[in-house]
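This report concerns only the one structure given below.
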Amino acid sequence: MSSSPQPDPDAGHSAWREGLDRLRSTATTEPGRLRIIGAALAGLLVLFGSVTAWQVSDRAAAADAVIGHSQPLSADAADIYRSLADADTAAAGGFLAGGQEPRAVRQRYEKDIARASELLVKAAANTDASDPAGPRIAKLNEQLPLYTGLVESARANNRQGLPLGGAYLRYASNHMREELLPAARALYETETGRLGSDYDDAKGLPWAAFATGVLALGALGWAQRRTYLRTNRVLNHGLLASTAAATVLLLWLAVGHGVARAGLTQSYEHGAKSLQVLNEARIAALQARGDESLTLVARGAVLTPRGDDAYESSYRTGMRKLIGGDSVSAGGAPEEGSLLDRAQALADGAAGRDPVAGAIKDVRQWQQRHRDARASDDSGYYERALPKVIGEKDSTGESFDRVDTGLSRALTHEQDEFRRAADDGRGALAGLAVGAVVLVVLGAAGAVLGIGRRLAEYR
């Protein structure tokens with residue numbers, strides 16, 4: 001029985017050596033060298049176009065993610081936090097009104113809960129199993145019904161005039177602050193981190209594309225100089241066309257990326273960044289309002305380790321974060337580094353600055369009215385303090401509503417600024433990837449034709 005022939009292990013090496021010898025032999029003649037130069041130039045141009053198309057497509061996709069995915073999700077996460085904090089504030093305000101809860105307050109609470117639930121469903125639909133936002137969303141969906149159940153128990157007891165209602169409401173508020181709001185905060189931070197990552201990807205310099213472009217232009221310059229030295233001809237139309245195509249692409253890449261980067265930076269500095277600060281300010285105002293109402297609900301039943309009223313202490317902490325202390329010096333200007341100070345510094349144009357300036361004025365009025373309400377309550381006149389907090393006229397609630405409205409107007413303006421600048425940045429990359437492919441095909445064809453003209457002289 002004959003055995004099958006065994007492959008020769010040296011056959012592959014022999015073929016490689018044979019090909020290398022043939023290439024070396026070709027390179028010893030001028031026509032052979034020209035063919036190698038033509039192939040190298042075409043290959044470099046194709047590489048330049050491919051790398052440019054790849055890197056530009058990546059940055060365009062990241063810019064699309066900023067506008068269509070990560071920024072909207074970050075805004076939704078902030079709205080979830082705001083809706084939950086506002087629901088807690090509305091629940092406390094409705095409880096203070098007694099058994100006959102005002103219809104408007106009840107509707108505000110229900111609208112906030114519905115809004116938070118709707119956004120959680122939307123967030124869950126945009127989250128996969130490996131997304132770090134998933135556990136936060138699951139926790140919020142799990143804990144929200146427990147909170148609403150506690151609020152309903154507080155309302156039922158309050159309608160019957162039972163003091164147990166206050167305990168239920170305090171427990172509900174503690175559950176909101178210890179479970180729901182931290183989970184909402186973590187969700188917001190996760191989505192904001194994703195937004196920052198997408199910004200970094202969109203603005204990253206396409207170093208590989210620039211490097212291959214410069215290399216291709218250098219090679220084309222060398223090839224034309226070589227042709228000139230050997231033929232004494234200044235111009236080779238094919239190589240000149242190839243150089244023009246590579247130059248146009250390199251300039252388009254530099255200008256397009258520069259404009260895109262500038263637009264995205266503008267959208268972050270005067271859009272996304274401002275939106276983050278305004279969202280923080282609105283949330284701080286909501287929490288301060290909730291603390292103010294719960295101070296009257298608890299009536300000194302919840303104390304800090306130092307013996308101070310816990311909710312009043314939390315109110316002051318929130319106000320310091322929002323605007324600083326109670327001082328009205330310097331025309332009531334916010335203290336440096338406070339949220340409203342930062343929001344004012346980031347605001348762009350009168351349409352952005354005016355609502356923030358109005359909110360600053362209203363917060364200072366709120367602080368003054370709060371001091372008056374606390375003076376009445378601390379003196380034992382609870383019935384006088386109550387209308388100063390939840391009354392329809394000249395109350396802290398009235399001041400808070402104006403603050404919230406002003407910050408909402410500022411948010412709307414900054415959202416528009418973000419979208420306009422981000423769209424401008426994304427638009428600068430439009431067509432660049434396709435243009436890169438077209439230009440390098442033309443450039444490669446020009447290089448081959450230019451070298452072909454030289455080869456024709458040897459026939």
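All residue names refer to the structure tokens as shown: chains lettered A, B, ... in order, residues numbered from 1 in each chain, ligands numbered from 1 in order.
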
**Study point:** Spatial neighbours of segment 100-116 of chain A, max dist 7 Å, only C-alpha atoms, sep filter under 5 positions, as a PyMOL selection string
**Key:** chain A and resi 80+83-84+86-87+90-91+94-95

Point to revise | Shell of 12 Å around Val151 of chain A, only C-alpha atoms, local chain residues under 4 positions omitted, as an NGL selection string | key: :A and (87-92 or 94-95 or 106 or 109-110 or 113 or 144-147 or 155-158 or 164-176)

Deliver the residues from the most recent selection as a file, using N, CA, C and O atoms, as a short mmCIF file (atom, residue, chain, number, x, y, z; two decimals), in the first residue's frame.
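Output saved as again-v4.cif:
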```cif
data_model
loop_
_atom_site.label_atom_id
_atom_site.label_comp_id
_atom_site.auth_asym_id
_atom_site.auth_seq_id
_atom_site.Cartn_x
_atom_site.Cartn_y
_atom_site.Cartn_z
N ALA A 87 -42.27 65.39 44.57
CA ALA A 87 -43.39 64.61 45.13
C ALA A 87 -43.32 64.61 46.65
O ALA A 87 -44.35 64.76 47.34
N ASP A 88 -42.11 64.45 47.19
CA ASP A 88 -41.95 64.47 48.65
C ASP A 88 -42.32 65.83 49.22
O ASP A 88 -42.94 65.93 50.28
N THR A 89 -41.93 66.88 48.52
CA THR A 89 -42.27 68.24 48.95
C THR A 89 -43.78 68.46 48.91
O THR A 89 -44.37 69.03 49.85
N ALA A 90 -44.43 68.01 47.83
CA ALA A 90 -45.88 68.17 47.70
C ALA A 90 -46.63 67.38 48.77
O ALA A 90 -47.63 67.84 49.32
N ALA A 91 -46.13 66.17 49.07
CA ALA A 91 -46.78 65.35 50.10
C ALA A 91 -46.73 66.05 51.45
O ALA A 91 -47.73 66.08 52.20
N ALA A 92 -45.58 66.65 51.78
CA ALA A 92 -45.46 67.37 53.05
C ALA A 92 -46.34 68.60 53.08
O ALA A 92 -47.00 68.90 54.08
N GLY A 94 -49.13 69.10 51.36
CA GLY A 94 -50.52 68.68 51.47
C GLY A 94 -50.88 68.25 52.88
O GLY A 94 -51.99 68.51 53.36
N PHE A 95 -49.96 67.59 53.56
CA PHE A 95 -50.20 67.16 54.94
C PHE A 95 -50.39 68.37 55.86
O PHE A 95 -51.28 68.36 56.72
N ARG A 106 -52.51 67.90 45.59
CA ARG A 106 -52.69 66.47 45.32
C ARG A 106 -52.34 66.15 43.86
O ARG A 106 -51.65 65.16 43.57
N TYR A 109 -48.57 66.18 43.32
CA TYR A 109 -47.95 64.95 43.82
C TYR A 109 -48.16 63.80 42.83
O TYR A 109 -47.22 63.08 42.47
N GLU A 110 -49.39 63.63 42.38
CA GLU A 110 -49.70 62.53 41.47
C GLU A 110 -48.98 62.69 40.13
O GLU A 110 -48.51 61.71 39.54
N ILE A 113 -45.29 61.63 40.66
CA ILE A 113 -45.13 60.17 40.75
C ILE A 113 -45.32 59.54 39.37
O ILE A 113 -44.55 58.63 38.98
N LEU A 144 -40.37 52.61 44.95
CA LEU A 144 -41.37 53.67 44.76
C LEU A 144 -42.76 53.27 45.25
O LEU A 144 -43.42 54.07 45.93
N PRO A 145 -43.27 52.05 44.97
CA PRO A 145 -44.59 51.69 45.50
C PRO A 145 -44.62 51.69 47.03
O PRO A 145 -45.67 52.01 47.62
N LEU A 146 -43.54 51.32 47.67
CA LEU A 146 -43.50 51.35 49.13
C LEU A 146 -43.66 52.77 49.65
O LEU A 146 -44.39 53.03 50.60
N TYR A 147 -42.97 53.71 48.98
CA TYR A 147 -43.07 55.11 49.40
C TYR A 147 -44.51 55.62 49.23
O TYR A 147 -45.07 56.25 50.13
N ARG A 155 -51.89 60.10 54.74
CA ARG A 155 -53.06 60.89 54.37
C ARG A 155 -54.32 60.36 55.06
O ARG A 155 -55.16 61.13 55.55
N ALA A 156 -54.46 59.03 55.06
CA ALA A 156 -55.65 58.44 55.68
C ALA A 156 -55.73 58.79 57.16
O ALA A 156 -56.81 59.15 57.67
N ASN A 157 -54.63 58.70 57.86
CA ASN A 157 -54.62 59.04 59.29
C ASN A 157 -54.82 60.55 59.50
O ASN A 157 -55.48 60.97 60.45
N ASN A 158 -54.28 61.35 58.59
CA ASN A 158 -54.42 62.79 58.72
C ASN A 158 -55.87 63.23 58.53
O ASN A 158 -56.36 64.13 59.23
N LEU A 164 -50.87 59.73 64.28
CA LEU A 164 -50.04 58.72 63.63
C LEU A 164 -49.70 59.11 62.19
O LEU A 164 -48.71 58.65 61.63
N GLY A 165 -50.53 59.96 61.61
CA GLY A 165 -50.28 60.40 60.23
C GLY A 165 -48.95 61.09 60.08
O GLY A 165 -48.24 60.88 59.09
N GLY A 166 -48.56 61.90 61.07
CA GLY A 166 -47.27 62.58 61.02
C GLY A 166 -46.12 61.60 61.04
O GLY A 166 -45.11 61.79 60.35
N ALA A 167 -46.26 60.53 61.85
CA ALA A 167 -45.21 59.52 61.92
C ALA A 167 -45.06 58.80 60.58
O ALA A 167 -43.95 58.54 60.12
N TYR A 168 -46.22 58.47 59.95
CA TYR A 168 -46.17 57.82 58.64
C TYR A 168 -45.48 58.72 57.61
O TYR A 168 -44.68 58.25 56.80
N LEU A 169 -45.81 60.01 57.64
CA LEU A 169 -45.23 60.92 56.66
C LEU A 169 -43.72 61.07 56.88
O LEU A 169 -42.95 61.10 55.92
N ARG A 170 -43.31 61.16 58.14
CA ARG A 170 -41.87 61.26 58.41
C ARG A 170 -41.14 59.99 57.95
O ARG A 170 -40.04 60.06 57.40
N TYR A 171 -41.79 58.84 58.17
CA TYR A 171 -41.18 57.58 57.74
C TYR A 171 -41.09 57.53 56.21
O TYR A 171 -40.09 57.09 55.64
N ALA A 172 -42.17 58.00 55.55
CA ALA A 172 -42.16 58.04 54.07
C ALA A 172 -41.05 58.95 53.57
O ALA A 172 -40.32 58.61 52.63
N SER A 173 -40.92 60.13 54.19
CA SER A 173 -39.89 61.07 53.76
C SER A 173 -38.49 60.51 54.00
O SER A 173 -37.60 60.67 53.18
N ASN A 174 -38.29 59.84 55.15
CA ASN A 174 -36.99 59.23 55.42
C ASN A 174 -36.68 58.14 54.39
O ASN A 174 -35.53 57.99 53.95
N HIS A 175 -37.73 57.37 54.02
CA HIS A 175 -37.54 56.33 53.01
C HIS A 175 -37.15 56.96 51.67
O HIS A 175 -36.27 56.44 50.95
N MET A 176 -37.79 58.08 51.34
CA MET A 176 -37.45 58.78 50.11
C MET A 176 -35.99 59.23 50.13
O MET A 176 -35.24 59.06 49.16
#
```

Practice item. Point out the residue among A:Gly427, A:Gly271, A:Gly397, A:Gly204 with the least atom-to-atom distance to His413 of chain A, counting only C-alpha atoms. Key: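 Nearest to His413 of chain A: A:Gly271.
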
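Neighbours of segment 305-320 of chain A closer than or equal to 7 Å, with only C-alpha atoms counted and sequence neighbours fewer than 3 positions away skipped, come out as A:Ala284, A:Ala288, A:Asp291, A:Glu292, A:Leu294, A:Thr295, A:Gly300, A:Val302, A:Ile323, A:Gly324, A:Gly325.
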
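With only C-alpha atoms taken into account, the protein and nucleic acid residues at most 12 Å from Asn236 of chain A (excluding it and anything under 4 positions from it in its own chain) are Leu220, Gly221, Ala223, Gln224, Arg225, Arg226, Thr227, Tyr228, Thr231, Asn232, Leu240, Ala241, Ser242, Thr243, Gly446, Ala447, Val448, Leu449, Gly450, Ile451, Gly452, Arg453 and Arg454 of chain A.
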
**Study point:** For atom CA of Ala124 of chain A and atom CA of Arg82 of chain A, the interatomic separation in Å (one decimal)
**Key:**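 Distance reported for this atom pair: 18.0 Å.
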
Review point. What's the 9 Å shell around Glu280 of chain A, counting only C-alpha atoms, without same-chain residues fewer than 3 positions away, as JSON, numbers by chain?
Key: {"A": [78, 275, 276, 277, 283, 284, 285, 322, 339]}

**Study point:** Expected answer as a PyMOL selection string: alpha helix (DSSP H) residues in segment 92-235 of chain A
**Key:** chain A and resi 92-96+103-125+134-159+164-175+181-203+207-231

Residues of segment 146-229 of chain A at most 8 Å from segment 54-67 of chain A: nearest atom pair and distance in Å, only C-alpha atoms, as a tab-separated table:
```
residue	atom	partner	partner_atom	distance
A:Leu195	CA	A:Val66	CA	6.2
A:Asp198	CA	A:Ala62	CA	5.4
A:Tyr199	CA	A:Val66	CA	6.6
A:Asp201	CA	A:Ala62	CA	5.9
A:Ala202	CA	A:Arg59	CA	4.3
A:Lys203	CA	A:Arg59	CA	7.0
A:Gly204	CA	A:Arg59	CA	7.5
A:Pro206	CA	A:Gln55	CA	6.0
A:Ala209	CA	A:Gln55	CA	7.2
```

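Minimum atom-to-atom distances from A:Lys273, A:Arg261, A:Lys139, A:Arg402 to Asp200 of chain A were compared using only C-alpha atoms, and the lowest value belongs to A:Arg261.
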
Exercise for review: Just the residues within 8 Å of Ala422 of chain A, please, counting only C-alpha atoms, with nothing from its chain fewer than 4 positions along; format it as a ChimeraX atom specification.
Suggested key: /A:63,67,263-264,266-267,418,426

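Rounded to one decimal, atom CA of Ala254 of chain A and atom CA of Leu45 of chain A lie 16.8 Å from each other.
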
Could you build a table of the residues in segment 171-282 of chain A lying no more than 9 Å from segment 409-412 of chain A, giving for each the nearest pair of atoms and their separation in Å rounded to one decimal place, using only C-alpha atoms, ordered by chain and ascending residue number, as a Markdown table?
```
| residue | atom | partner | partner_atom | distance |
| --- | --- | --- | --- | --- |
| A:Ser274 | CA | A:Leu411 | CA | 8.2 |
| A:Leu275 | CA | A:Leu411 | CA | 6.1 |
| A:Leu278 | CA | A:Leu411 | CA | 6.5 |
| A:Asn279 | CA | A:Leu411 | CA | 7.6 |
```

Once you have the residues from the selection above, write them out as a PDB file, in the first residue's frame, restricted to N, CA and C atoms.
```
ATOM      1  N   SER A 274     -23.876  73.647  32.138  1.00  0.00           N
ATOM      2  CA  SER A 274     -24.846  74.550  32.750  1.00  0.00           C
ATOM      3  C   SER A 274     -26.106  73.793  33.161  1.00  0.00           C
ATOM      4  N   LEU A 275     -26.533  72.854  32.335  1.00  0.00           N
ATOM      5  CA  LEU A 275     -27.714  72.048  32.665  1.00  0.00           C
ATOM      6  C   LEU A 275     -27.487  71.244  33.946  1.00  0.00           C
ATOM      7  N   LEU A 278     -27.745  73.688  36.898  1.00  0.00           N
ATOM      8  CA  LEU A 278     -29.139  74.124  37.105  1.00  0.00           C
ATOM      9  C   LEU A 278     -29.990  72.992  37.673  1.00  0.00           C
ATOM     10  N   ASN A 279     -29.768  71.775  37.204  1.00  0.00           N
ATOM     11  CA  ASN A 279     -30.497  70.637  37.779  1.00  0.00           C
ATOM     12  C   ASN A 279     -30.160  70.465  39.260  1.00  0.00           C
TER      13      ASN A 279
END
```

Point to revise | Spatial neighbours of Gly43 of chain A, 8 Å, only C-alpha atoms, chain gap at least 4 places, as number ranges by chain | key: A: 39, 47, 444

Any chance you could export the current selection's N, CA, C and O atoms as a PDB file, in the first residue's frame?
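The file below, part-v2.pdb, is the result:
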```
ATOM      1  N   ALA A  39       2.440  51.439  -6.742  1.00  0.00           N
ATOM      2  CA  ALA A  39       1.646  50.607  -5.821  1.00  0.00           C
ATOM      3  C   ALA A  39       1.717  51.150  -4.397  1.00  0.00           C
ATOM      4  O   ALA A  39       0.712  51.172  -3.675  1.00  0.00           O
ATOM      5  N   LEU A  47      -4.902  53.722   2.458  1.00  0.00           N
ATOM      6  CA  LEU A  47      -4.784  53.645   3.914  1.00  0.00           C
ATOM      7  C   LEU A  47      -5.234  54.957   4.559  1.00  0.00           C
ATOM      8  O   LEU A  47      -5.974  54.945   5.557  1.00  0.00           O
ATOM      9  N   ALA A 444      -5.667  57.800  -5.619  1.00  0.00           N
ATOM     10  CA  ALA A 444      -4.971  56.568  -5.995  1.00  0.00           C
ATOM     11  C   ALA A 444      -4.961  56.396  -7.519  1.00  0.00           C
ATOM     12  O   ALA A 444      -3.951  55.997  -8.120  1.00  0.00           O
TER      13      ALA A 444
END
```

**Study point:** Among listed residues A:Ile36, A:Ala183, A:Ala211, A:Leu439, nearest Thr247 of chain A (using only C-alpha atoms)
**Key:**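 Among the listed residues, A:Leu439 lies closest to Thr247 of chain A.
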
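You can rank A:Leu249, A:Ala138, A:Ala219, A:Ala298 by their closest distance to Tyr382 of chain A using only C-alpha atoms, and at the top of that list sits A:Ala298.
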